[in-house]
Each structure stands twice: as C-alpha cells, then as structure tokens.
$ cat work.pdb   # PDB, C-alpha atoms, pLDDT in the B column
ATOM      1  CA  ALA C1280     120.431  86.428 166.211  1.00 69.00           C
ATOM      2  CA  GLN C1281     122.732  84.119 168.026  1.00 78.00           C
ATOM      3  CA  THR C1282     126.355  85.035 168.570  1.00 89.00           C
ATOM      4  CA  VAL C1283     129.264  83.153 170.050  1.00 93.00           C
ATOM      5  CA  THR C1284     132.399  85.070 170.980  1.00 94.00           C
ATOM      6  CA  GLN C1285     135.839  83.735 171.718  1.00 95.00           C
ATOM      7  CA  SER C1286     137.817  86.766 172.763  1.00 94.00           C
ATOM      8  CA  GLN C1287     141.244  85.122 172.786  1.00 95.00           C
ATOM      9  CA  PRO C1288     142.526  84.488 169.252  1.00 94.00           C
ATOM     10  CA  GLU C1289     145.722  82.901 170.580  1.00 96.00           C
ATOM     11  CA  MET C1290     146.912  81.477 173.866  1.00 97.00           C
ATOM     12  CA  SER C1291     149.941  79.567 175.021  1.00 97.00           C
ATOM     13  CA  VAL C1292     150.671  77.435 178.068  1.00 97.00           C
ATOM     14  CA  GLN C1293     153.577  75.439 179.404  1.00 97.00           C
ATOM     15  CA  GLU C1294     153.311  71.691 179.389  1.00 97.00           C
ATOM     16  CA  ALA C1295     151.692  70.305 182.580  1.00 97.00           C
ATOM     17  CA  GLU C1296     150.124  73.650 183.480  1.00 97.00           C
ATOM     18  CA  THR C1297     146.453  74.635 183.398  1.00 98.00           C
ATOM     19  CA  VAL C1298     144.852  76.938 180.861  1.00 98.00           C
ATOM     20  CA  THR C1299     141.355  78.365 180.499  1.00 98.00           C
ATOM     21  CA  LEU C1300     139.776  79.333 177.192  1.00 98.00           C
ATOM     22  CA  SER C1301     136.849  81.716 177.285  1.00 98.00           C
ATOM     23  CA  CYS C1302     133.598  81.692 175.371  1.00 97.00           C
ATOM     24  CA  THR C1303     130.547  83.881 175.701  1.00 97.00           C
ATOM     25  CA  TYR C1304     127.291  83.514 173.840  1.00 95.00           C
ATOM     26  CA  ASP C1305     124.025  85.262 173.371  1.00 92.00           C
ATOM     27  CA  THR C1306     120.642  83.619 173.033  1.00 87.00           C
ATOM     28  CA  SER C1307     117.120  84.366 174.149  1.00 85.00           C
ATOM     29  CA  GLU C1308     116.293  80.695 174.522  1.00 85.00           C
ATOM     30  CA  ASN C1309     116.263  78.915 177.837  1.00 83.00           C
ATOM     31  CA  ASN C1310     117.100  75.436 176.613  1.00 85.00           C
ATOM     32  CA  TYR C1311     120.235  75.025 174.553  1.00 90.00           C
ATOM     33  CA  TYR C1312     123.460  73.071 174.352  1.00 92.00           C
ATOM     34  CA  LEU C1313     127.068  74.154 174.332  1.00 94.00           C
ATOM     35  CA  PHE C1314     130.083  72.337 172.979  1.00 95.00           C
ATOM     36  CA  TRP C1315     133.836  72.652 172.734  1.00 96.00           C
ATOM     37  CA  TYR C1316     135.619  71.194 169.731  1.00 96.00           C
ATOM     38  CA  LYS C1317     139.313  70.745 169.095  1.00 96.00           C
ATOM     39  CA  GLN C1318     140.895  71.060 165.654  1.00 93.00           C
ATOM     40  CA  PRO C1319     144.552  69.948 165.613  1.00 92.00           C
ATOM     41  CA  PRO C1320     146.866  70.618 162.657  1.00 87.00           C
ATOM     42  CA  SER C1321     145.434  67.535 160.978  1.00 85.00           C
ATOM     43  CA  ARG C1322     142.274  69.656 160.575  1.00 85.00           C
ATOM     44  CA  GLN C1323     140.020  66.931 161.991  1.00 88.00           C
ATOM     45  CA  MET C1324     137.320  68.429 164.217  1.00 90.00           C
ATOM     46  CA  ILE C1325     136.937  66.506 167.468  1.00 93.00           C
ATOM     47  CA  LEU C1326     134.204  66.941 170.052  1.00 93.00           C
ATOM     48  CA  VAL C1327     135.816  67.615 173.438  1.00 96.00           C
ATOM     49  CA  ILE C1328     132.950  68.257 175.819  1.00 95.00           C
ATOM     50  CA  ARG C1329     129.267  69.210 175.930  1.00 93.00           C
ATOM     51  CA  GLN C1330     127.071  71.031 178.406  1.00 93.00           C
ATOM     52  CA  GLU C1331     123.304  71.098 178.615  1.00 91.00           C
ATOM     53  CA  ALA C1332     122.013  74.496 179.684  1.00 90.00           C
ATOM     54  CA  TYR C1333     119.410  73.106 182.058  1.00 88.00           C
ATOM     55  CA  LYS C1334     122.043  71.219 184.044  1.00 86.00           C
ATOM     56  CA  GLN C1335     123.673  73.102 186.879  1.00 83.00           C
ATOM     57  CA  GLN C1336     126.627  70.775 187.165  1.00 89.00           C
ATOM     58  CA  ASN C1337     129.670  71.617 185.075  1.00 93.00           C
ATOM     59  CA  ALA C1338     130.663  68.937 182.578  1.00 91.00           C
ATOM     60  CA  THR C1339     133.988  67.135 182.949  1.00 92.00           C
ATOM     61  CA  GLU C1340     135.856  64.812 180.600  1.00 92.00           C
ATOM     62  CA  ASN C1341     139.177  63.656 182.017  1.00 95.00           C
ATOM     63  CA  ARG C1342     141.521  66.689 181.892  1.00 97.00           C
ATOM     64  CA  PHE C1343     138.882  68.887 180.300  1.00 97.00           C
ATOM     65  CA  SER C1344     136.215  70.681 182.298  1.00 96.00           C
ATOM     66  CA  VAL C1345     133.924  73.631 181.784  1.00 97.00           C
ATOM     67  CA  ASN C1346     132.866  76.568 183.894  1.00 96.00           C
ATOM     68  CA  PHE C1347     129.286  77.189 182.810  1.00 95.00           C
ATOM     69  CA  GLN C1348     127.711  80.374 184.122  1.00 94.00           C
ATOM     70  CA  LYS C1349     124.248  80.596 182.631  1.00 92.00           C
ATOM     71  CA  ALA C1350     123.329  84.015 183.938  1.00 92.00           C
ATOM     72  CA  ALA C1351     126.530  85.505 182.542  1.00 94.00           C
ATOM     73  CA  LYS C1352     126.197  83.434 179.332  1.00 94.00           C
ATOM     74  CA  SER C1353     129.732  82.232 179.747  1.00 96.00           C
ATOM     75  CA  PHE C1354     131.137  78.810 178.894  1.00 96.00           C
ATOM     76  CA  SER C1355     134.874  78.513 179.477  1.00 97.00           C
ATOM     77  CA  LEU C1356     137.028  75.433 178.919  1.00 98.00           C
ATOM     78  CA  LYS C1357     139.699  74.478 181.421  1.00 98.00           C
ATOM     79  CA  ILE C1358     142.477  72.131 180.354  1.00 98.00           C
ATOM     80  CA  SER C1359     144.458  70.681 183.235  1.00 97.00           C
ATOM     81  CA  ASP C1360     147.916  69.118 182.997  1.00 97.00           C
ATOM     82  CA  SER C1361     148.328  70.435 179.445  1.00 97.00           C
ATOM     83  CA  GLN C1362     149.995  68.091 176.986  1.00 97.00           C
ATOM     84  CA  LEU C1363     151.782  68.795 173.724  1.00 97.00           C
ATOM     85  CA  GLY C1364     148.962  66.988 171.919  1.00 95.00           C
ATOM     86  CA  ASP C1365     146.527  69.605 173.180  1.00 97.00           C
ATOM     87  CA  THR C1366     148.019  72.096 170.720  1.00 97.00           C
ATOM     88  CA  ALA C1367     145.097  72.901 168.436  1.00 96.00           C
ATOM     89  CA  MET C1368     142.440  75.396 167.510  1.00 95.00           C
ATOM     90  CA  TYR C1369     139.539  75.241 169.946  1.00 97.00           C
ATOM     91  CA  PHE C1370     136.010  76.194 168.940  1.00 96.00           C
ATOM     92  CA  CYS C1371     133.006  76.885 171.101  1.00 96.00           C
ATOM     93  CA  GLU C1372     129.581  76.068 169.638  1.00 94.00           C
ATOM     94  CA  GLN C1373     126.024  76.751 170.665  1.00 92.00           C
ATOM     95  CA  GLU C1374     123.006  74.736 169.562  1.00 89.00           C
ATOM     96  CA  THR C1375     119.467  75.943 170.115  1.00 84.00           C
ATOM     97  CA  SER C1376     116.079  74.727 168.956  1.00 76.00           C
ATOM     98  CA  GLY C1377     115.591  73.922 165.288  1.00 70.00           C
ATOM     99  CA  SER C1378     119.235  72.928 164.911  1.00 70.00           C
ATOM    100  CA  ARG C1379     120.409  76.520 165.000  1.00 78.00           C
ATOM    101  CA  LEU C1380     124.140  76.080 165.268  1.00 84.00           C
ATOM    102  CA  THR C1381     126.647  78.851 165.862  1.00 89.00           C
ATOM    103  CA  PHE C1382     130.410  78.524 166.160  1.00 91.00           C
ATOM    104  CA  GLY C1383     132.844  80.984 167.667  1.00 93.00           C
ATOM    105  CA  GLU C1384     135.855  82.119 165.699  1.00 92.00           C
ATOM    106  CA  GLY C1385     138.255  79.887 167.568  1.00 94.00           C
ATOM    107  CA  THR C1386     141.226  80.136 169.918  1.00 96.00           C
ATOM    108  CA  GLN C1387     144.613  78.813 168.816  1.00 96.00           C
ATOM    109  CA  LEU C1388     146.214  77.107 171.805  1.00 97.00           C
ATOM    110  CA  THR C1389     149.901  76.269 171.785  1.00 97.00           C
ATOM    111  CA  VAL C1390     151.371  74.018 174.471  1.00 97.00           C
ATOM    112  CA  ASN C1391     155.074  74.662 174.920  1.00 97.00           C
ATOM    113  CA  PRO C1392     157.512  72.005 176.152  1.00 95.00           C
TER     114      PRO C1392
ATOM    115  CA  ASN R 733     133.687  51.770 161.616  1.00 69.00           C
ATOM    116  CA  ALA R 734     134.964  54.654 159.462  1.00 80.00           C
ATOM    117  CA  GLY R 735     132.830  57.396 161.088  1.00 92.00           C
ATOM    118  CA  VAL R 736     132.253  60.241 158.633  1.00 95.00           C
ATOM    119  CA  THR R 737     133.995  60.072 155.271  1.00 95.00           C
ATOM    120  CA  GLN R 738     134.266  62.779 152.628  1.00 97.00           C
ATOM    121  CA  THR R 739     135.422  62.760 149.041  1.00 96.00           C
ATOM    122  CA  PRO R 740     137.409  64.289 147.507  1.00 96.00           C
ATOM    123  CA  LYS R 741     140.025  65.585 149.942  1.00 94.00           C
ATOM    124  CA  PHE R 742     141.200  68.302 147.572  1.00 95.00           C
ATOM    125  CA  GLN R 743     139.656  69.899 144.502  1.00 96.00           C
ATOM    126  CA  VAL R 744     140.512  72.769 142.202  1.00 97.00           C
ATOM    127  CA  LEU R 745     137.772  74.222 140.011  1.00 96.00           C
ATOM    128  CA  LYS R 746     137.534  77.003 137.493  1.00 97.00           C
ATOM    129  CA  THR R 747     134.870  79.663 137.921  1.00 97.00           C
ATOM    130  CA  GLY R 748     131.574  78.391 136.574  1.00 97.00           C
ATOM    131  CA  GLN R 749     132.337  74.699 136.884  1.00 97.00           C
ATOM    132  CA  SER R 750     130.112  72.437 138.923  1.00 96.00           C
ATOM    133  CA  MET R 751     130.920  69.668 141.328  1.00 96.00           C
ATOM    134  CA  THR R 752     129.468  67.526 144.087  1.00 97.00           C
ATOM    135  CA  LEU R 753     131.080  66.864 147.428  1.00 97.00           C
ATOM    136  CA  GLN R 754     130.210  63.474 148.828  1.00 97.00           C
ATOM    137  CA  CYS R 755     129.705  62.585 152.481  1.00 97.00           C
ATOM    138  CA  ALA R 756     128.782  59.312 154.147  1.00 97.00           C
ATOM    139  CA  GLN R 757     128.473  58.178 157.759  1.00 96.00           C
ATOM    140  CA  ASP R 758     128.235  54.694 159.191  1.00 94.00           C
ATOM    141  CA  MET R 759     127.072  55.587 162.703  1.00 92.00           C
ATOM    142  CA  ASN R 760     123.356  55.345 161.930  1.00 92.00           C
ATOM    143  CA  HIS R 761     122.952  59.035 162.739  1.00 92.00           C
ATOM    144  CA  ASN R 762     119.748  60.824 161.792  1.00 91.00           C
ATOM    145  CA  SER R 763     121.193  64.310 161.326  1.00 92.00           C
ATOM    146  CA  MET R 764     123.835  65.418 158.857  1.00 94.00           C
ATOM    147  CA  TYR R 765     125.397  68.801 158.196  1.00 94.00           C
ATOM    148  CA  TRP R 766     127.565  70.712 155.761  1.00 97.00           C
ATOM    149  CA  TYR R 767     129.829  73.508 157.020  1.00 96.00           C
ATOM    150  CA  ARG R 768     132.399  75.719 155.444  1.00 96.00           C
ATOM    151  CA  GLN R 769     135.462  76.990 157.286  1.00 94.00           C
ATOM    152  CA  ASP R 770     137.170  80.189 156.245  1.00 92.00           C
ATOM    153  CA  PRO R 771     140.212  81.726 157.944  1.00 81.00           C
ATOM    154  CA  GLY R 772     139.280  83.721 161.035  1.00 72.00           C
ATOM    155  CA  MET R 773     135.574  82.928 160.725  1.00 73.00           C
ATOM    156  CA  GLY R 774     135.089  79.593 162.470  1.00 82.00           C
ATOM    157  CA  LEU R 775     132.624  77.207 160.877  1.00 90.00           C
ATOM    158  CA  ARG R 776     129.425  78.334 159.228  1.00 92.00           C
ATOM    159  CA  LEU R 777     126.503  76.041 158.552  1.00 92.00           C
ATOM    160  CA  ILE R 778     125.507  75.746 154.901  1.00 95.00           C
ATOM    161  CA  TYR R 779     122.719  73.148 155.022  1.00 95.00           C
ATOM    162  CA  TYR R 780     121.595  70.436 157.353  1.00 93.00           C
ATOM    163  CA  SER R 781     119.331  67.428 157.245  1.00 94.00           C
ATOM    164  CA  ALA R 782     117.541  66.482 160.445  1.00 90.00           C
ATOM    165  CA  SER R 783     116.440  63.150 159.021  1.00 89.00           C
ATOM    166  CA  GLU R 784     116.327  61.197 155.806  1.00 89.00           C
ATOM    167  CA  GLY R 785     114.202  63.040 153.280  1.00 88.00           C
ATOM    168  CA  THR R 786     114.476  66.493 154.850  1.00 92.00           C
ATOM    169  CA  THR R 787     116.906  69.330 154.291  1.00 95.00           C
ATOM    170  CA  ASP R 788     117.050  72.874 155.659  1.00 93.00           C
ATOM    171  CA  LYS R 789     119.089  75.970 154.993  1.00 94.00           C
ATOM    172  CA  GLY R 790     121.741  77.082 157.412  1.00 91.00           C
ATOM    173  CA  GLU R 791     123.507  80.391 157.719  1.00 89.00           C
ATOM    174  CA  VAL R 792     125.138  80.540 154.255  1.00 94.00           C
ATOM    175  CA  PRO R 793     123.119  78.439 151.748  1.00 96.00           C
ATOM    176  CA  ASN R 794     123.412  80.641 148.655  1.00 96.00           C
ATOM    177  CA  GLY R 795     125.218  78.983 145.768  1.00 96.00           C
ATOM    178  CA  TYR R 796     124.773  75.466 147.157  1.00 97.00           C
ATOM    179  CA  ASN R 797     122.322  72.608 146.919  1.00 97.00           C
ATOM    180  CA  VAL R 798     122.154  69.413 148.926  1.00 97.00           C
ATOM    181  CA  SER R 799     120.707  65.960 148.632  1.00 96.00           C
ATOM    182  CA  ARG R 800     120.049  63.522 151.440  1.00 96.00           C
ATOM    183  CA  LEU R 801     120.268  60.406 149.324  1.00 87.00           C
ATOM    184  CA  ASN R 802     119.561  58.005 152.171  1.00 94.00           C
ATOM    185  CA  LYS R 803     120.303  57.844 155.867  1.00 95.00           C
ATOM    186  CA  ARG R 804     124.021  57.392 155.255  1.00 96.00           C
ATOM    187  CA  GLU R 805     124.749  59.912 152.528  1.00 97.00           C
ATOM    188  CA  PHE R 806     124.459  63.682 152.262  1.00 97.00           C
ATOM    189  CA  SER R 807     125.942  65.435 149.245  1.00 97.00           C
ATOM    190  CA  LEU R 808     126.705  69.107 148.613  1.00 98.00           C
ATOM    191  CA  ARG R 809     126.576  70.486 145.088  1.00 97.00           C
ATOM    192  CA  LEU R 810     128.046  73.668 143.691  1.00 96.00           C
ATOM    193  CA  GLU R 811     126.217  74.360 140.434  1.00 93.00           C
ATOM    194  CA  SER R 812     128.406  77.234 139.239  1.00 96.00           C
ATOM    195  CA  ALA R 813     131.491  77.660 141.382  1.00 96.00           C
ATOM    196  CA  ALA R 814     132.703  81.124 142.315  1.00 97.00           C
ATOM    197  CA  PRO R 815     136.022  82.229 143.890  1.00 96.00           C
ATOM    198  CA  SER R 816     134.084  83.197 147.039  1.00 96.00           C
ATOM    199  CA  GLN R 817     133.383  79.498 147.521  1.00 97.00           C
ATOM    200  CA  THR R 818     137.058  78.736 148.032  1.00 97.00           C
ATOM    201  CA  SER R 819     137.050  77.186 151.481  1.00 97.00           C
ATOM    202  CA  VAL R 820     137.406  74.024 153.494  1.00 96.00           C
ATOM    203  CA  TYR R 821     134.170  72.071 153.608  1.00 97.00           C
ATOM    204  CA  PHE R 822     133.258  69.789 156.471  1.00 96.00           C
ATOM    205  CA  CYS R 823     130.502  67.258 156.648  1.00 96.00           C
ATOM    206  CA  ALA R 824     129.249  66.174 160.071  1.00 94.00           C
ATOM    207  CA  SER R 825     126.632  63.915 161.574  1.00 93.00           C
ATOM    208  CA  SER R 826     124.901  63.557 164.928  1.00 90.00           C
ATOM    209  CA  ASP R 827     122.336  61.317 166.514  1.00 83.00           C
ATOM    210  CA  GLY R 828     120.076  64.300 166.975  1.00 70.00           C
ATOM    211  CA  ASP R 829     119.846  64.255 170.749  1.00 65.00           C
ATOM    212  CA  ARG R 830     122.088  67.290 171.141  1.00 71.00           C
ATOM    213  CA  GLY R 831     125.139  65.099 171.633  1.00 75.00           C
ATOM    214  CA  GLY R 832     127.381  67.171 169.411  1.00 85.00           C
ATOM    215  CA  ARG R 833     128.593  66.485 165.938  1.00 88.00           C
ATOM    216  CA  PHE R 834     131.105  64.032 164.486  1.00 92.00           C
ATOM    217  CA  PHE R 835     133.075  65.550 161.653  1.00 94.00           C
ATOM    218  CA  GLY R 836     134.631  64.237 158.477  1.00 95.00           C
ATOM    219  CA  PRO R 837     138.221  65.089 157.532  1.00 93.00           C
ATOM    220  CA  GLY R 838     137.227  67.995 155.285  1.00 94.00           C
ATOM    221  CA  THR R 839     137.564  68.900 151.601  1.00 96.00           C
ATOM    222  CA  ARG R 840     139.822  71.765 150.577  1.00 95.00           C
ATOM    223  CA  LEU R 841     138.222  73.452 147.577  1.00 96.00           C
ATOM    224  CA  THR R 842     139.898  76.154 145.511  1.00 96.00           C
ATOM    225  CA  VAL R 843     137.981  78.032 142.839  1.00 96.00           C
ATOM    226  CA  LEU R 844     140.155  79.940 140.386  1.00 96.00           C
TER     227      LEU R 844
END
$ encode --input "work.pdb" --output "structure tokens"
Amino acid sequence: AQTVTQSQPEMSVQEAETVTLSCTYDTSENNYYLFWYKQPPSRQMILVIRQEAYKQQNATENRFSVNFQKAAKSFSLKISDSQLGDTAMYFCEQETSGSRLTFGEGTQLTVNP
Amino acid sequence: NAGVTQTPKFQVLKTGQSMTLQCAQDMNHNSMYWYRQDPGMGLRLIYYSASEGTTDKGEVPNGYNVSRLNKREFSLRLESAAPSQTSVYFCASSDGDRGGRFFGPGTRLTVL
C-alpha cells in the first residue's frame, strides 16, 4: 500500500522569510510522480509544483522549489520570500502506475505579517 | 475557459435520499476524478475515469456510482445517502501525462 506522510500539521513563517514543508512517501515502484497542491481558504485546490521520480533535478516554479531525495523517499517543498497569499493548506500527492493517487493529510501554513 | 466546474456548491440531504453531483471540464482532458475531503484526512479518491467510456474504483468507492457521460462530463451519484458521506467533494481532471490535476471548486454535502 502506498502512504504519504506530512509530519507537520501546522507551520508558521514571517513574511519574506523561507519555509520548508516536509513530505515522505512509500512506494515499491520505481517510476512515479509527486506533486504539491495549495488549498487557500477559498478551498480551491491549486497545483503548485510537480516532480518526476526519474529526474534527478529538483523542480522549481518561481518562489517554490522542491528537495527530492529518492533514496530517502522524501519530497519537501521550499517557499522562498513568503507572502501573505501563501497562507493555505498544502498537500503532497503521489501518483504511481494505474492512476494510483495518494494524498498526505496536509500542512496548514500561516504567513505572518 | 472555465476550467473545472461543479454543481451544486452546497447540498443538504436526508439519510436515504439520492442525488447526483455534476462535473464538467473544458480543457479537453482525458482523465477525470472524484475525491472527497474530510477534516484531517486529506483527499481520498472515490472513482476516476482514465478516458471516455471507462471508470475505475479508487480508495473509497462504496456508496457511490459514477458516469463518464462524454469527454467533458463526469458525474457522481449517491443512491442512498448516509451521514458518513457528509464531506466536501472535489472533481478534478488531467491530461493524463502525469501533469497533475486541475480541481473544481468543490461541493459541500451534508447528510442529516
């Protein structure tokens, strides 16, 4: 069975600082995909960033980047220059073959002014 | 380009009633999904459809049925609602190349 664990239920950061959200996963497959989603108070789920397991290079999207460590099965999200609009629930997701999709339980991030 | 739309936004049912949640996407995506989100549990996959004409069970399919009416539309039906089905339901779509999912705004369903 696949599992995705987000060990930090809540985190907070000061505006303009950097924060890292952790995610670990467990799969026996070698080819899979990992995603981070953001869910602000509006409840809309928004794709933030994706990582393909066979790619060594860490994905980056503007202020968002990941630290993907395949051997450790770790997929953390780094948010640089945090903004008030980054306040949201963040979910990590794993996708393996046959559209097997597993979400973590989420981390509530609060950016303080 | 509306993305993924869901109706209704809110619904209250009595135990035993039936209803259908509607979902449509205008991004020409092949794959569509239904999730439920409960407090402290993240999102769990109910059913998905990898392409028009196919549907498959996800993690929590019991009590639900789905129909992939055409490439755009994917509906979720509760035949006999139960209080345990009180949740927020999200529909999503993707182009199937592992690009991640685009989500609708969600439907908040309460079963009394």
$ resolve_selection --input "work.pdb" --expression "the ChimeraX specification (/R :<8) & /C" --output "JSON, numbers by chain"
{"C": [1312, 1314, 1322, 1323, 1324, 1325, 1326, 1329, 1370, 1374, 1379, 1380, 1381, 1382, 1383, 1384, 1385]}
$ write_last_selection --input "work.pdb" --atoms "C-alpha atoms" --output "PDB file, in the coordinates of the input"
ATOM      1  CA  TYR C1312     123.460  73.071 174.352  1.00 92.00           C
ATOM      2  CA  PHE C1314     130.083  72.337 172.979  1.00 95.00           C
ATOM      3  CA  ARG C1322     142.274  69.656 160.575  1.00 85.00           C
ATOM      4  CA  GLN C1323     140.020  66.931 161.991  1.00 88.00           C
ATOM      5  CA  MET C1324     137.320  68.429 164.217  1.00 90.00           C
ATOM      6  CA  ILE C1325     136.937  66.506 167.468  1.00 93.00           C
ATOM      7  CA  LEU C1326     134.204  66.941 170.052  1.00 93.00           C
ATOM      8  CA  ARG C1329     129.267  69.210 175.930  1.00 93.00           C
ATOM      9  CA  PHE C1370     136.010  76.194 168.940  1.00 96.00           C
ATOM     10  CA  GLU C1374     123.006  74.736 169.562  1.00 89.00           C
ATOM     11  CA  ARG C1379     120.409  76.520 165.000  1.00 78.00           C
ATOM     12  CA  LEU C1380     124.140  76.080 165.268  1.00 84.00           C
ATOM     13  CA  THR C1381     126.647  78.851 165.862  1.00 89.00           C
ATOM     14  CA  PHE C1382     130.410  78.524 166.160  1.00 91.00           C
ATOM     15  CA  GLY C1383     132.844  80.984 167.667  1.00 93.00           C
ATOM     16  CA  GLU C1384     135.855  82.119 165.699  1.00 92.00           C
ATOM     17  CA  GLY C1385     138.255  79.887 167.568  1.00 94.00           C
TER      18      GLY C1385
END
$ closest_residue --input "work.pdb" --among "R:Leu810, R:Cys823, R:Val792, R:Val798" --to "Gly748 of chain R" --atoms "only C-alpha atoms"
R:Leu810
$ resolve_selection --input "work.pdb" --expression "the PyMOL selection byres ((chain C and resi 1283-1293) around 9)" --output "count of residues only"
35
$ resolve_selection --input "work.pdb" --expression "the PyMOL selection byres ((chain C and resi 1358) around 8)" --output "PyMOL selection string"
chain C and resi 1297-1299+1342-1344+1356-1357+1359-1361
$ write_last_selection --input "work.pdb" --atoms "C-alpha atoms" --output "mmCIF file, in the frame of the given file"
data_model
loop_
_atom_site.group_PDB
_atom_site.id
_atom_site.type_symbol
_atom_site.label_atom_id
_atom_site.label_comp_id
_atom_site.auth_asym_id
_atom_site.auth_seq_id
_atom_site.Cartn_x
_atom_site.Cartn_y
_atom_site.Cartn_z
ATOM 1 C CA THR C 1297 146.453 74.635 183.398
ATOM 2 C CA VAL C 1298 144.852 76.938 180.861
ATOM 3 C CA THR C 1299 141.355 78.365 180.499
ATOM 4 C CA ARG C 1342 141.521 66.689 181.892
ATOM 5 C CA PHE C 1343 138.882 68.887 180.300
ATOM 6 C CA SER C 1344 136.215 70.681 182.298
ATOM 7 C CA LEU C 1356 137.028 75.433 178.919
ATOM 8 C CA LYS C 1357 139.699 74.478 181.421
ATOM 9 C CA SER C 1359 144.458 70.681 183.235
ATOM 10 C CA ASP C 1360 147.916 69.118 182.997
ATOM 11 C CA SER C 1361 148.328 70.435 179.445
#
$ residues_around --input "work.pdb" --residues "Val744 of chain R" --least-positions-apart "4" --cutoff "12 Å" --atoms "all atoms listed in the file" --output "number ranges by chain"
R: 740, 748-751, 813-815, 817-820, 839-844
$ write_last_selection --input "work.pdb" --atoms "C-alpha atoms" --output "JSON list (two decimals), in the coordinates of the input"
[["chain", "number", "residue", "atom", "x", "y", "z"],
["R", 740, "PRO", "CA", 137.41, 64.29, 147.51],
["R", 748, "GLY", "CA", 131.57, 78.39, 136.57],
["R", 749, "GLN", "CA", 132.34, 74.70, 136.88],
["R", 750, "SER", "CA", 130.11, 72.44, 138.92],
["R", 751, "MET", "CA", 130.92, 69.67, 141.33],
["R", 813, "ALA", "CA", 131.49, 77.66, 141.38],
["R", 814, "ALA", "CA", 132.70, 81.12, 142.32],
["R", 815, "PRO", "CA", 136.02, 82.23, 143.89],
["R", 817, "GLN", "CA", 133.38, 79.50, 147.52],
["R", 818, "THR", "CA", 137.06, 78.74, 148.03],
["R", 819, "SER", "CA", 137.05, 77.19, 151.48],
["R", 820, "VAL", "CA", 137.41, 74.02, 153.49],
["R", 839, "THR", "CA", 137.56, 68.90, 151.60],
["R", 840, "ARG", "CA", 139.82, 71.76, 150.58],
["R", 841, "LEU", "CA", 138.22, 73.45, 147.58],
["R", 842, "THR", "CA", 139.90, 76.15, 145.51],
["R", 843, "VAL", "CA", 137.98, 78.03, 142.84],
["R", 844, "LEU", "CA", 140.16, 79.94, 140.39]]
$ residues_around --input "work.pdb" --residues "Lys1334 of chain C" --least-positions-apart "6" --cutoff "12 Å" --atoms "only C-alpha atoms" --output "ChimeraX atom specification"
/C:1309-1313,1347-1349
$ atom_distance --input "work.pdb" --atom1 "atom CA of Glu784 of chain R" --atom2 "atom CA of Lys741 of chain R"
24.8 Å
$ atom_distance --input "work.pdb" --atom1 "atom CA of Pro1320 of chain C" --atom2 "atom CA of Ser1355 of chain C"
22.1 Å
$ atom_distance --input "work.pdb" --atom1 "atom CA of Pro1319 of chain C" --atom2 "atom CA of Asn797 of chain R"
29.2 Å
$ axis_aligned_box --input "work.pdb" --around "segment 1343-1350 of chain C" --padding-each-side "4 Å" --output "lines of an AutoDock Vina configuration file"
center_x = 131.1
center_y = 76.5
center_z = 182.2
size_x = 23.6
size_y = 23.1
size_z = 11.8
$ residues_around --input "work.pdb" --residues "Thr739 of chain R" --least-positions-apart "4" --cutoff "8 Å" --atoms "all atoms listed in the file" --output "list in words"
Leu753, Gln754, Cys755 and Thr839 of chain R
$ closest_residue --input "work.pdb" --among "R:Thr786, R:Thr737, R:Ser825, R:Asn802" --to "Ala756 of chain R" --atoms "all atoms listed in the file"
R:Thr737
$ closest_residue --input "work.pdb" --among "R:Thr787, R:Gln757, R:Gln738, R:Thr747" --to "Glu811 of chain R" --atoms "all atoms listed in the file"
R:Thr747
$ build_atoms --input "work.pdb" --residues "segment 1283-1293 of chain C" --atoms "N, CA, C and O atoms" --output "PDB file, in the coordinates of the input"
ATOM      1  N   VAL C1283     128.324  83.824 169.166  1.00 93.00           N
ATOM      2  CA  VAL C1283     129.264  83.153 170.050  1.00 93.00           C
ATOM      3  C   VAL C1283     130.601  83.872 169.895  1.00 93.00           C
ATOM      4  O   VAL C1283     131.090  84.032 168.772  1.00 93.00           O
ATOM      5  N   THR C1284     131.173  84.278 171.013  1.00 94.00           N
ATOM      6  CA  THR C1284     132.399  85.070 170.980  1.00 94.00           C
ATOM      7  C   THR C1284     133.514  84.383 171.743  1.00 94.00           C
ATOM      8  O   THR C1284     133.351  84.027 172.910  1.00 94.00           O
ATOM      9  N   GLN C1285     134.617  84.216 171.063  1.00 95.00           N
ATOM     10  CA  GLN C1285     135.839  83.735 171.718  1.00 95.00           C
ATOM     11  C   GLN C1285     136.832  84.885 171.642  1.00 95.00           C
ATOM     12  O   GLN C1285     137.351  85.184 170.560  1.00 95.00           O
ATOM     13  N   SER C1286     137.081  85.507 172.757  1.00 94.00           N
ATOM     14  CA  SER C1286     137.817  86.766 172.763  1.00 94.00           C
ATOM     15  C   SER C1286     139.327  86.604 172.718  1.00 94.00           C
ATOM     16  O   SER C1286     140.058  87.592 172.618  1.00 94.00           O
ATOM     17  N   GLN C1287     139.796  85.369 172.778  1.00 95.00           N
ATOM     18  CA  GLN C1287     141.244  85.122 172.786  1.00 95.00           C
ATOM     19  C   GLN C1287     141.638  84.433 171.485  1.00 95.00           C
ATOM     20  O   GLN C1287     141.512  83.219 171.375  1.00 95.00           O
ATOM     21  N   PRO C1288     142.147  85.143 170.508  1.00 94.00           N
ATOM     22  CA  PRO C1288     142.526  84.488 169.252  1.00 94.00           C
ATOM     23  C   PRO C1288     143.666  83.482 169.437  1.00 94.00           C
ATOM     24  O   PRO C1288     143.702  82.457 168.762  1.00 94.00           O
ATOM     25  N   GLU C1289     144.582  83.788 170.347  1.00 96.00           N
ATOM     26  CA  GLU C1289     145.722  82.901 170.580  1.00 96.00           C
ATOM     27  C   GLU C1289     146.029  82.839 172.066  1.00 96.00           C
ATOM     28  O   GLU C1289     145.907  83.833 172.775  1.00 96.00           O
ATOM     29  N   MET C1290     146.443  81.647 172.491  1.00 97.00           N
ATOM     30  CA  MET C1290     146.912  81.477 173.866  1.00 97.00           C
ATOM     31  C   MET C1290     148.052  80.467 173.866  1.00 97.00           C
ATOM     32  O   MET C1290     148.136  79.614 172.968  1.00 97.00           O
ATOM     33  N   SER C1291     148.880  80.561 174.870  1.00 97.00           N
ATOM     34  CA  SER C1291     149.941  79.567 175.021  1.00 97.00           C
ATOM     35  C   SER C1291     150.052  79.175 176.485  1.00 97.00           C
ATOM     36  O   SER C1291     149.672  79.940 177.380  1.00 97.00           O
ATOM     37  N   VAL C1292     150.548  77.974 176.711  1.00 97.00           N
ATOM     38  CA  VAL C1292     150.671  77.435 178.068  1.00 97.00           C
ATOM     39  C   VAL C1292     151.865  76.493 178.097  1.00 97.00           C
ATOM     40  O   VAL C1292     152.203  75.873 177.076  1.00 97.00           O
ATOM     41  N   GLN C1293     152.484  76.396 179.254  1.00 97.00           N
ATOM     42  CA  GLN C1293     153.577  75.439 179.404  1.00 97.00           C
ATOM     43  C   GLN C1293     153.002  74.053 179.669  1.00 97.00           C
ATOM     44  O   GLN C1293     151.969  73.896 180.332  1.00 97.00           O
TER      45      GLN C1293
END
